[in-house]
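Trainee: Pasting a structure below so you can have a look.
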Amino acid sequence: MFEQDRIASIDADHIRHHASDLDHLAEALDRRGLDAAQVIEALIAFDVAVPSWALGTGGTRFGRFPGGGEPRTTEEKLDDIAAINALTRANGAVSLHVPWDNPDDPGALRQYGEQLGIAFDAMNSNTFQNNPETTFDGEVSYKFGSLASTEPEARRAAVEHNQAVIDLGAKLGSNALTVWLADGTNHPGQADMTGQFERTVEGLQAIHAHLPDGWRMFTEHKPYEPAFYSSVNQDWGSSLLLAQAAGDRASCLVDLGHHLPNANIEQVVARLAMVDRLGGFHFNDSKYGDDDLTTGSIKPFQLFLIFCELLRAGGGTLPPMAYMLDQSHNVKDPLEDLVQSTEALLIAYTQAMLVDREALADAQESNDAAFAQQVLQDAYRTDVRPLLAEARQRQGGALNPLRSFRALGYRQRCTELRGNDAAATGL
Ligand code: PSV
Ligand code: MN
C-alpha cells in the first residue's frame with residue numbers, strides 16, 4: 001500500500017500550519033469549556049464502513065461512464081478500501097453485497113482483510129435481482145417480490161438466500177445482516193398490501209431465527225424505486241413494525257436517501273433510538289430522492305442534526321451501531337468521493353460534540369428558541385477541520401486525504417494494473 005514515509009513527506013510542507021491552526025482552535029474551544037483532546041480521542045475511535053458496491057463508477061439507467069482502474073474482484077475492492085483507510089484512518093471495514101461479492105474461499109478473503117486491516121461490517125442480501133444460484137436459473141423469479149411474493153418458491157428462495165448470506169458473513173467475521181427489499185407494487189390493486197406485509201414478517205422471522213449468537217439484523221426502508229406505487233417497507237413506521245415482529249435482535253437501518261422529500265430525518269433517528277430499534281445508517285446525500293450523492297454535500301446541517309440526536313441518545317457519546325456509506329459515484333473518482341464523504345461525516349460528528357448540551361437543554365426547558373438556535377449554531381459554525389487532521393495524523397494518516405490520494409497516484413497505478421475497461425460489480 002502506501003509507505004508511511006511517503007504520506008509523511010507529502011504532509012511535511014503543511015505540518016507547521018496545521019499545528020498553528022490546531023493550537024488556535026484548541027484555545028478557542030478551551031474558552032468555551034471544551035477539551036480538544038477529548039474530541040480528538042473520539043474521532044480516533046470513529047469508523048465508517050465502505051460499501052463494496054460503490055468502489056466502481058455508478059451509473060443511471062441512461063448510461064455509465066467508467067473511470068478506469070476499477071476493482072475487478074472482491075480482493076481488489078479491499079485493496080481500494082485499505083488505500084483510502086491508510087489516509088483517512090476511518091474506513092477500516094467493508095460492507096459486502098451478495099452475490100455481487102461471492103467469495104469461493106471465505107476463509108482466505110477474511111485473512112486477506114486481516115492483512116489489510118479491513119474488517120467485515122454488515123452483510124447485504126440481494127433479492128431484488130434473480131441470480132442463478134438462489135432462483136435456480138429461472139425456475140423461480142423475484143419479478144413479483146421476494147419475501148412478500150404470493151409464490152411460495154420465491155419466498156423460500158429469498159429466505160434461503162438471506163440465511164446463506166448470514167452463513168457466509170459468519171465465516172468472514174461479520175455480525176450483522178441488512179435486508180433491503182425491492183418488494184412492492186407498480187399499480188393500485190396489484191397486490192394485497194396487508195398480505196404482502198404479513199408474508200414479509202414471516203420471512204424475516206425465519207431469517208432472524210437463523211442469526212448466530214451475537215448477530216443483529218437490520219430492516220432498511222425506502223419509499224419507492226424500483227416499485228413506484230407502493231413499497232412493502234416504505235418508511236420508518238413499517239420498518240419498525242417489521243423489526244419488532246422479526247425478533248429482538250432486529251432493528252432499523254436509516255439510509256439518508258430513503259425518505260420522501262423534506263422528511264425530518266433527525267426526528268426519525270430520535271424516535272427509533274428512543275425505542276432502542278435504531279441499528280445503523282447508510283450515509284449519502286440527496287436533493288430529490290435516492291440520489292446517493294456525496295454525504296454532507298447538499299444538506300450538511302441535517303447531517304449535523306442527526307449526529308446531535310445520536311449523541312443525545314448515547315448520553316454524550318456515539319451509540320455503537322453500524323455506520324456505513326451507501327453512495328453511487330457517477331462523475332467523481334469513487335475513492336475520492338468516499339474520502340470526501342468520510343470527511344463530511346467526521347465534521348458533522350465533531351460539530352455535534354461541540355454543542356453545549358446543558359445550555360441547549362436549559363434553553364429547551366425554558367422555551368428559549370432563540371438561544372437554543374444560537375447554541376446549535378455556535379457548534380455548527382466552528383471550523384473543526386484541524387481536529388480531524390490531528391486525529392488522522394496521530395494514527396499515521398494524512399492531514400488532507402484527498403490531496404495525498406492524488407499525490408500518491410493510486411488511481412493511475414490501478415489503471416495500469418487493472419486496465420481502462422475493468423468494471424466493478426455493483427450498481
Ligand atoms: C437500495 O437503494 C439500497 O440503498 C440498499 O441499501 C441496497 O442494498 C443498496 O442500495 C444497493 O443497491
Ligand atoms: Mn442503502
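Going through the C-alpha cells in order, the chains are called A, B, and so on, while each chain numbers its residues from 1 and the ligands are numbered from 1 in the order shown.
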As a ChimeraX atom specification, please: every protein or nucleic acid residue near ligand 2 (cut-off 10 Å, counting only C-alpha atoms and all ligand atoms).
Mentor: /A:51,124,178-180,220-222,253-258,281-284,290,292,324-327
Trainee: Which residues, written as a list in words, have at least one atom at most 12 Å from Thr135 in chain A, with only C-alpha atoms counted and residues fewer than 2 positions away on the same chain left out?
Mentor: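 Skipping anything fewer than 2 positions along the chain leaves Pro99, Asn126, Thr127, Phe128, Gln129, Asn130, Asn131, Pro132, Glu133, Asp137, Gly138, Glu139, Val140, Ser141, Tyr142, Lys143, Ser146, Glu153, Ala154, Arg155, Arg156, Ala157, Ala158, Val159, Glu160 and His161 of chain A.
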Trainee: Which one is closest to Arg392 in chain A: A:Gly63, A:Gly279, A:Glu343, A:Gly68? Count only C-alpha atoms.
Mentor: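 Among the listed residues, the smallest separation from Arg392 in chain A belongs to A:Glu343.
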Trainee: Would you work out the distance separating CA of Pro212 in chain A from CA of Leu241 in chain A, expressed in Å to one decimal?
Mentor: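 Between CA of Pro212 in chain A and CA of Leu241 in chain A the gap works out to 22.3 Å.
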Trainee: Which residues in range 184-408 of chain A does DSSP call helix (DSSP H, G or I)? List them as a ChimeraX atom specification.
Mentor: /A:193-209,236-246,265-274,300-313,334-353,357-365,369-380,385-394,401-407
Trainee: Compile a residue-level contact table for range 313-371 of chain A against range 300-307 of chain A at a cut-off of 12 Å, reporting for every qualifying residue the shortest atom pair and its distance in Å to one decimal, with only C-alpha atoms counted, rows ordered by chain and ascending number, as JSON lines.
Mentor:
{"residue": "A:Ala313", "atom": "CA", "partner": "A:Phe307", "partner_atom": "CA", "distance": 9.6}
{"residue": "A:Gly314", "atom": "CA", "partner": "A:Phe307", "partner_atom": "CA", "distance": 10.3}
{"residue": "A:Gly316", "atom": "CA", "partner": "A:Phe307", "partner_atom": "CA", "distance": 10.4}
{"residue": "A:Thr317", "atom": "CA", "partner": "A:Phe307", "partner_atom": "CA", "distance": 10.1}
{"residue": "A:Leu318", "atom": "CA", "partner": "A:Phe307", "partner_atom": "CA", "distance": 8.1}
{"residue": "A:Pro319", "atom": "CA", "partner": "A:Phe307", "partner_atom": "CA", "distance": 10.3}
{"residue": "A:Tyr323", "atom": "CA", "partner": "A:Phe307", "partner_atom": "CA", "distance": 11.6}
{"residue": "A:Ser341", "atom": "CA", "partner": "A:Pro300", "partner_atom": "CA", "distance": 10.8}
{"residue": "A:Glu343", "atom": "CA", "partner": "A:Pro300", "partner_atom": "CA", "distance": 11.5}
{"residue": "A:Ala344", "atom": "CA", "partner": "A:Pro300", "partner_atom": "CA", "distance": 7.7}
{"residue": "A:Leu345", "atom": "CA", "partner": "A:Leu303", "partner_atom": "CA", "distance": 7.6}
{"residue": "A:Leu346", "atom": "CA", "partner": "A:Phe304", "partner_atom": "CA", "distance": 9.7}
{"residue": "A:Ile347", "atom": "CA", "partner": "A:Phe304", "partner_atom": "CA", "distance": 8.1}
{"residue": "A:Ala348", "atom": "CA", "partner": "A:Phe304", "partner_atom": "CA", "distance": 4.5}
{"residue": "A:Tyr349", "atom": "CA", "partner": "A:Phe307", "partner_atom": "CA", "distance": 5.6}
{"residue": "A:Thr350", "atom": "CA", "partner": "A:Phe304", "partner_atom": "CA", "distance": 8.7}
{"residue": "A:Gln351", "atom": "CA", "partner": "A:Phe304", "partner_atom": "CA", "distance": 6.8}
{"residue": "A:Ala352", "atom": "CA", "partner": "A:Phe307", "partner_atom": "CA", "distance": 5.8}
{"residue": "A:Met353", "atom": "CA", "partner": "A:Phe307", "partner_atom": "CA", "distance": 8.4}
{"residue": "A:Leu354", "atom": "CA", "partner": "A:Phe304", "partner_atom": "CA", "distance": 10.8}
{"residue": "A:Val355", "atom": "CA", "partner": "A:Phe304", "partner_atom": "CA", "distance": 10.3}
Trainee: Could you make a table, as CSV, of the residues of range 67-92 of chain A that have an atom within 10 Å of an atom of range 400-420 of chain A, each with its nearest atom pair and distance in Å to one decimal, counting only C-alpha atoms, in chain and number order?
Mentor:
residue,atom,partner,partner_atom,distance
A:Gly67,CA,A:Asn420,CA,7.3
A:Gly68,CA,A:Asn420,CA,4.1
A:Gly69,CA,A:Thr415,CA,3.7
A:Glu70,CA,A:Arg418,CA,7.0
A:Pro71,CA,A:Arg418,CA,7.3
A:Arg72,CA,A:Arg418,CA,7.4
A:Glu76,CA,A:Arg418,CA,9.4
A:Asp80,CA,A:Tyr410,CA,8.9
A:Ala83,CA,A:Tyr410,CA,7.9
A:Ile84,CA,A:Phe405,CA,7.5
A:Asn85,CA,A:Pro401,CA,9.3
A:Ala86,CA,A:Pro401,CA,8.9
A:Leu87,CA,A:Pro401,CA,5.2
A:Thr88,CA,A:Pro401,CA,6.0
A:Arg89,CA,A:Pro401,CA,9.5
Trainee: Can you tell me which residues surround Leu34 in chain A at a distance of at most 9 Å, considering only C-alpha atoms, apart from same-chain residues fewer than 5 positions away, and format the answer as a ChimeraX atom specification?
Mentor: /A:26,28-29,39,354,356
Trainee: What lies within 10 Å of Thr200 in chain A using only C-alpha atoms, ignoring chain neighbours under 3 positions off, as a list in words?
Mentor: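 Near Thr200 in chain A, the qualifying residues are Gly145, Ser146, Leu147, Ala148, Ser149, Arg155, Val159, Leu181, Asp183, Thr194, Gly195, Gln196, Phe197, Gly203, Leu204, Gln205, Ala206, Val232, Asn233, Leu242, Ala245 and Ala246 of chain A.
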Trainee: Please list as a PDB file with N, CA and C atoms, in the first residue's frame every residue within 12 Å of Pro320 in chain A, counting only C-alpha atoms and excluding residues in the same chain fewer than 6 positions away.
Mentor:
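File written: selection_24.pdb
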ATOM      1  N   ALA A  45     -11.595   7.043  17.480  1.00  0.00           N
ATOM      2  CA  ALA A  45     -12.389   5.814  17.659  1.00  0.00           C
ATOM      3  C   ALA A  45     -13.458   5.625  16.578  1.00  0.00           C
ATOM      4  N   PHE A  46     -13.753   6.668  15.813  1.00  0.00           N
ATOM      5  CA  PHE A  46     -14.865   6.583  14.846  1.00  0.00           C
ATOM      6  C   PHE A  46     -14.447   5.910  13.534  1.00  0.00           C
ATOM      7  N   ASP A  47     -15.326   5.083  13.032  1.00  0.00           N
ATOM      8  CA  ASP A  47     -15.068   4.395  11.762  1.00  0.00           C
ATOM      9  C   ASP A  47     -16.368   4.277  10.979  1.00  0.00           C
ATOM     10  N   VAL A  48     -16.282   4.417   9.681  1.00  0.00           N
ATOM     11  CA  VAL A  48     -17.469   4.209   8.840  1.00  0.00           C
ATOM     12  C   VAL A  48     -17.120   3.205   7.745  1.00  0.00           C
ATOM     13  N   ALA A 273     -34.210   5.621  17.995  1.00  0.00           N
ATOM     14  CA  ALA A 273     -33.257   5.452  19.104  1.00  0.00           C
ATOM     15  C   ALA A 273     -34.018   5.353  20.421  1.00  0.00           C
ATOM     16  N   ASP A 276     -35.089   2.035  21.102  1.00  0.00           N
ATOM     17  CA  ASP A 276     -33.984   1.078  21.032  1.00  0.00           C
ATOM     18  C   ASP A 276     -34.028   0.181  19.796  1.00  0.00           C
ATOM     19  N   LEU A 278     -32.848   1.486  16.665  1.00  0.00           N
ATOM     20  CA  LEU A 278     -32.028   2.085  15.615  1.00  0.00           C
ATOM     21  C   LEU A 278     -30.761   1.242  15.509  1.00  0.00           C
ATOM     22  N   GLY A 279     -30.551   0.642  14.331  1.00  0.00           N
ATOM     23  CA  GLY A 279     -29.423  -0.292  14.209  1.00  0.00           C
ATOM     24  C   GLY A 279     -28.254   0.248  13.421  1.00  0.00           C
ATOM     25  N   GLY A 280     -28.524   1.146  12.488  1.00  0.00           N
ATOM     26  CA  GLY A 280     -27.398   1.622  11.684  1.00  0.00           C
ATOM     27  C   GLY A 280     -27.821   2.596  10.609  1.00  0.00           C
ATOM     28  N   PHE A 281     -26.821   3.000   9.827  1.00  0.00           N
ATOM     29  CA  PHE A 281     -27.025   4.031   8.801  1.00  0.00           C
ATOM     30  C   PHE A 281     -26.405   3.629   7.480  1.00  0.00           C
ATOM     31  N   LEU A 310     -27.976  11.547  17.755  1.00  0.00           N
ATOM     32  CA  LEU A 310     -27.249  10.327  18.153  1.00  0.00           C
ATOM     33  C   LEU A 310     -26.544  10.551  19.492  1.00  0.00           C
ATOM     34  N   LEU A 311     -25.938  11.716  19.652  1.00  0.00           N
ATOM     35  CA  LEU A 311     -25.256  11.999  20.927  1.00  0.00           C
ATOM     36  C   LEU A 311     -26.270  12.149  22.062  1.00  0.00           C
ATOM     37  N   ALA A 313     -29.019  10.468  22.203  1.00  0.00           N
ATOM     38  CA  ALA A 313     -29.416   9.081  22.512  1.00  0.00           C
ATOM     39  C   ALA A 313     -28.331   8.359  23.299  1.00  0.00           C
ATOM     40  N   GLY A 314     -27.081   8.676  23.024  1.00  0.00           N
ATOM     41  CA  GLY A 314     -25.977   7.982  23.694  1.00  0.00           C
ATOM     42  C   GLY A 314     -25.497   8.711  24.944  1.00  0.00           C
TER      43      GLY A 314
END
Trainee: Between A:Ser366, A:Ser125, A:Gln234, A:Thr295, which is the closest to ligand 1 once you count only C-alpha atoms and all ligand atoms?
Mentor: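 Among A:Ser366, A:Ser125, A:Gln234, A:Thr295, it is A:Ser125 that comes nearest to ligand 1.
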Trainee: Identify which of the residues A:Ala182, A:Ile265, A:Leu260, A:Ala423 lies closest to ligand 1, counting only C-alpha atoms and all ligand atoms when measuring atom-to-atom distances.
Mentor: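 That would be A:Ala182, the residue with the smallest distance to ligand 1.
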Trainee: Looking at only C-alpha atoms and all ligand atoms, which of A:Arg385, A:His187, A:His97, A:Lys332 is the one that sits closest to ligand 1?
Mentor: A:His97
Trainee: Determine the nearest neighbour of ligand 1 from the options A:Ala49, A:Ala36, A:Ala322, A:Val98, counting only C-alpha atoms and all ligand atoms.
Mentor: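 Comparing A:Ala49, A:Ala36, A:Ala322, A:Val98 against ligand 1, the winner is A:Val98.
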Trainee: Check range 186-236 of chain A with DSSP on the backbone and list each residue it calls strand (DSSP E), as a list in words.
Mentor: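 The strand (DSSP E) subset of range 186-236 of chain A is Arg216, Met217, Phe218, Thr219, Glu220, Ser230 and Ser231 of chain A.
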